[in-house]
Amino acid sequence: MSTNVMTRPAVLILLGPPGAGKGTQARMLEDSFGLVQLSTGDLLRAAVAAGTEAGKAAKSVMESGGLVSDEIVIAILRDRLGEPDCAKGVILDGFPRTAVQAEALDALLSETGQKINAAISLEVDDDAMVARVAGRYTCAGCGEGYHDTFKQPKVAGTCDKCGGTEMKRRADDNAETVASRLAAYHEQTAPLIAYYDGKGVLQKIDAMGQIDAVAEGLAKIVKTAAP
Ligand SMILES: [Zn+2]
């Protein structure tokens with residue numbers, strides 16, 4: 001085997017539900033590895049502003065209130081991957097969203113001689129995420145915020161600030177909103193997780209820890225997957 005292998009710009013995919021710290025982690029990877037984070041929204045806006053052919057196509061679809069097709073997004077991504085700032089590699093955020101898009105992305109990357117180095121799933125504990133929200137309550141008198149687990153008043157049931165004893169708890173809607181957002185995420189992402197697992201590029205990382213610890217774990221994955 002030849003050892004003279006050309007290094008192509010790395011392609012990383014970051015998957016994670018709202019609240020998992022995806023944006024923060026992507027920025028840290030940009031800083032540490034010289035990668036560029038590409039989100040679908042940013043890609044579309046930039047292409048429209050630049051007036052590229054694909055950007056013009058996207059603009060007319062958006063102006064008519066339609067959804068920009070996978071073909072257009074792929075065309076915009078193709079243009080973007082060739083730009084000099086992406087020479088070290090990119091972190092895709094929010095694309096692909098479906099297995100069909102994942103296949104289209106693979107087809108594009110086979111044209112450019114690139115591949116998915118890793119699809120990294122930021123794993124959260126759904127119950128813990130919901131508990132963080134559901135445990136919140138406030139003092140009815142002064143509005144001071146408390147939490148069943150993380151911030152209890154010094155004297156149970158009595159506000160530290162105003163001495164009030166009436167505590168307000170929002171109905172379950174907060175917890176329910178978080179739970180349903182997580183459920184929607186898992187439903188949407190499951191086919192992608194399976195797709196990348198099948199390709200042998202899926203990496204999972206526990207995103208419930210401290211930001212720095214998560215960043216360290218991610219950096220290890222990136223170093224291994226995209227040396
Ligand atoms: Zn109070």
# chains A, B, ... in the order shown; residues from 1 in each chain; ligands from 1

call {"tool": "residues_near_ligand", "arguments": {"ligand": "ligand 1", "cutoff": "9 Å", "atoms": "only C-alpha atoms and all ligand atoms", "output": "PyMOL selection string"}}
result
chain A and resi 138-145+158-167

call {"tool": "closest_atom_pairs", "arguments": {"of": "range 59-123 of chain A", "to": "range 40-49 of chain A", "cutoff": "7 Å", "atoms": "only C-alpha atoms", "output": "CSV"}}
result
residue,atom,partner,partner_atom,distance
A:Lys59,CA,A:Val48,CA,5.9
A:Ile76,CA,A:Ala47,CA,6.7
A:Gly94,CA,A:Thr40,CA,6.1
A:Phe95,CA,A:Thr40,CA,6.3

call {"tool": "write_last_selection", "arguments": {"atoms": "N, CA, C and O atoms", "output": "PDB file, in the first residue's frame"}}
result
ATOM      1  N   LYS A  59     -33.008  31.412  -3.248  1.00  0.00           N
ATOM      2  CA  LYS A  59     -33.703  32.664  -2.975  1.00  0.00           C
ATOM      3  C   LYS A  59     -35.124  32.639  -3.550  1.00  0.00           C
ATOM      4  O   LYS A  59     -36.084  33.034  -2.874  1.00  0.00           O
ATOM      5  N   ILE A  76     -25.230  24.062  -2.802  1.00  0.00           N
ATOM      6  CA  ILE A  76     -24.619  25.138  -2.013  1.00  0.00           C
ATOM      7  C   ILE A  76     -23.459  24.590  -1.183  1.00  0.00           C
ATOM      8  O   ILE A  76     -22.389  25.199  -1.095  1.00  0.00           O
ATOM      9  N   GLY A  94     -26.904  20.452  11.590  1.00  0.00           N
ATOM     10  CA  GLY A  94     -28.273  20.584  11.101  1.00  0.00           C
ATOM     11  C   GLY A  94     -28.481  20.003   9.705  1.00  0.00           C
ATOM     12  O   GLY A  94     -29.588  20.039   9.170  1.00  0.00           O
ATOM     13  N   PHE A  95     -27.465  19.508   9.108  1.00  0.00           N
ATOM     14  CA  PHE A  95     -27.547  18.805   7.830  1.00  0.00           C
ATOM     15  C   PHE A  95     -26.536  17.680   7.845  1.00  0.00           C
ATOM     16  O   PHE A  95     -25.400  17.933   8.231  1.00  0.00           O
TER      17      PHE A  95
END

call {"tool": "select_by_dssp", "arguments": {"residues": "range 29-224 of chain A", "states": "strand (DSSP E or B)", "output": "ChimeraX atom specification"}}
result
/A:36-39,89-93,116-123,136-139,145-147,151,155,158,167-168,202-206

call {"tool": "residues_around", "arguments": {"residues": "Leu122 in chain A", "least_positions_apart": "5", "cutoff": "12 Å", "atoms": "only C-alpha atoms", "output": "ChimeraX atom specification"}}
result
/A:13-26,93,185-186,189,193,202-209,211,214-215,217-218

call {"tool": "write_last_selection", "arguments": {"atoms": "C-alpha atoms", "output": "short mmCIF file (atom, residue, chain, number, x, y, z; two decimals), in the first residue's frame"}}
result
data_model
loop_
_atom_site.label_atom_id
_atom_site.label_comp_id
_atom_site.auth_asym_id
_atom_site.auth_seq_id
_atom_site.Cartn_x
_atom_site.Cartn_y
_atom_site.Cartn_z
CA ILE A 13 -21.29 15.81 11.60
CA LEU A 14 -22.50 17.01 14.97
CA LEU A 15 -25.80 15.63 16.22
CA GLY A 16 -27.47 16.69 19.43
CA PRO A 17 -30.78 17.89 20.85
CA PRO A 18 -31.46 21.47 21.91
CA GLY A 19 -29.79 22.06 25.26
CA ALA A 20 -26.93 19.62 24.63
CA GLY A 21 -24.43 22.43 24.05
CA LYS A 22 -23.89 21.74 20.36
CA GLY A 23 -23.18 25.36 19.44
CA THR A 24 -20.65 25.84 22.23
CA GLN A 25 -18.86 22.62 21.38
CA ALA A 26 -18.78 23.39 17.66
CA ASP A 93 -24.66 21.23 12.01
CA TYR A 185 -35.31 15.04 18.23
CA HIS A 186 -34.89 11.32 18.85
CA THR A 189 -32.45 11.57 14.38
CA ILE A 193 -27.90 7.47 13.90
CA LEU A 202 -20.91 6.93 14.49
CA GLN A 203 -19.34 8.19 17.71
CA LYS A 204 -21.28 8.87 20.87
CA ILE A 205 -20.27 11.22 23.60
CA ASP A 206 -21.89 11.91 26.96
CA ALA A 207 -22.97 15.55 26.80
CA MET A 208 -24.28 15.77 30.37
CA GLY A 209 -20.88 16.51 31.92
CA ILE A 211 -18.44 21.75 29.14
CA VAL A 214 -17.24 17.17 26.90
CA ALA A 215 -14.90 19.31 24.79
CA GLY A 217 -13.82 13.97 24.75
CA LEU A 218 -14.82 15.54 21.45
#

call {"tool": "residues_around", "arguments": {"residues": "range 102-113 of chain A", "least_positions_apart": "6", "cutoff": "9 Å", "atoms": "only C-alpha atoms", "output": "number ranges by chain"}}
result
A: 8, 11, 70-71, 74-75, 77-78, 81-82, 95-96, 192, 195-196

call {"tool": "atom_distance", "arguments": {"atom1": "CA of Thr52 in chain A", "atom2": "CA of Asp79 in chain A"}}
result
8.8 Å

call {"tool": "select_by_dssp", "arguments": {"residues": "range 57-150 of chain A", "states": "alpha helix (DSSP H)", "output": "MDAnalysis selection string"}}
result
chainID A and resid 57:63 70:81 99:112 126:134

call {"tool": "atom_distance", "arguments": {"atom1": "CA of Arg97 in chain A", "atom2": "CA of Pro191 in chain A"}}
result
9.1 Å

call {"tool": "residues_around", "arguments": {"residues": "Ala225 in chain A", "least_positions_apart": "3", "cutoff": "6 Å", "atoms": "only C-alpha atoms", "output": "list in words"}}
result
Asn117, Ile221 and Val222 of chain A

call {"tool": "atom_distance", "arguments": {"atom1": "CA of Ala175 in chain A", "atom2": "CA of Ser39 in chain A"}}
result
27.8 Å

call {"tool": "residues_around", "arguments": {"residues": "Val178 in chain A", "least_positions_apart": "5", "cutoff": "8 Å", "atoms": "only C-alpha atoms", "output": "PyMOL selection string"}}
result
chain A and resi 129-130+133

call {"tool": "write_last_selection", "arguments": {"atoms": "N, CA and C atoms", "output": "JSON list (two decimals), in the first residue's frame"}}
result
[["chain", "number", "residue", "atom", "x", "y", "z"],
["A", 129, "MET", "N", -32.46, 15.92, 31.83],
["A", 129, "MET", "CA", -32.75, 17.20, 31.16],
["A", 129, "MET", "C", -34.13, 17.71, 31.58],
["A", 130, "VAL", "N", -35.08, 16.80, 31.64],
["A", 130, "VAL", "CA", -36.43, 17.19, 32.04],
["A", 130, "VAL", "C", -36.44, 17.61, 33.51],
["A", 133, "VAL", "N", -35.52, 21.13, 34.32],
["A", 133, "VAL", "CA", -36.57, 22.11, 34.09],
["A", 133, "VAL", "C", -37.72, 21.94, 35.08]]
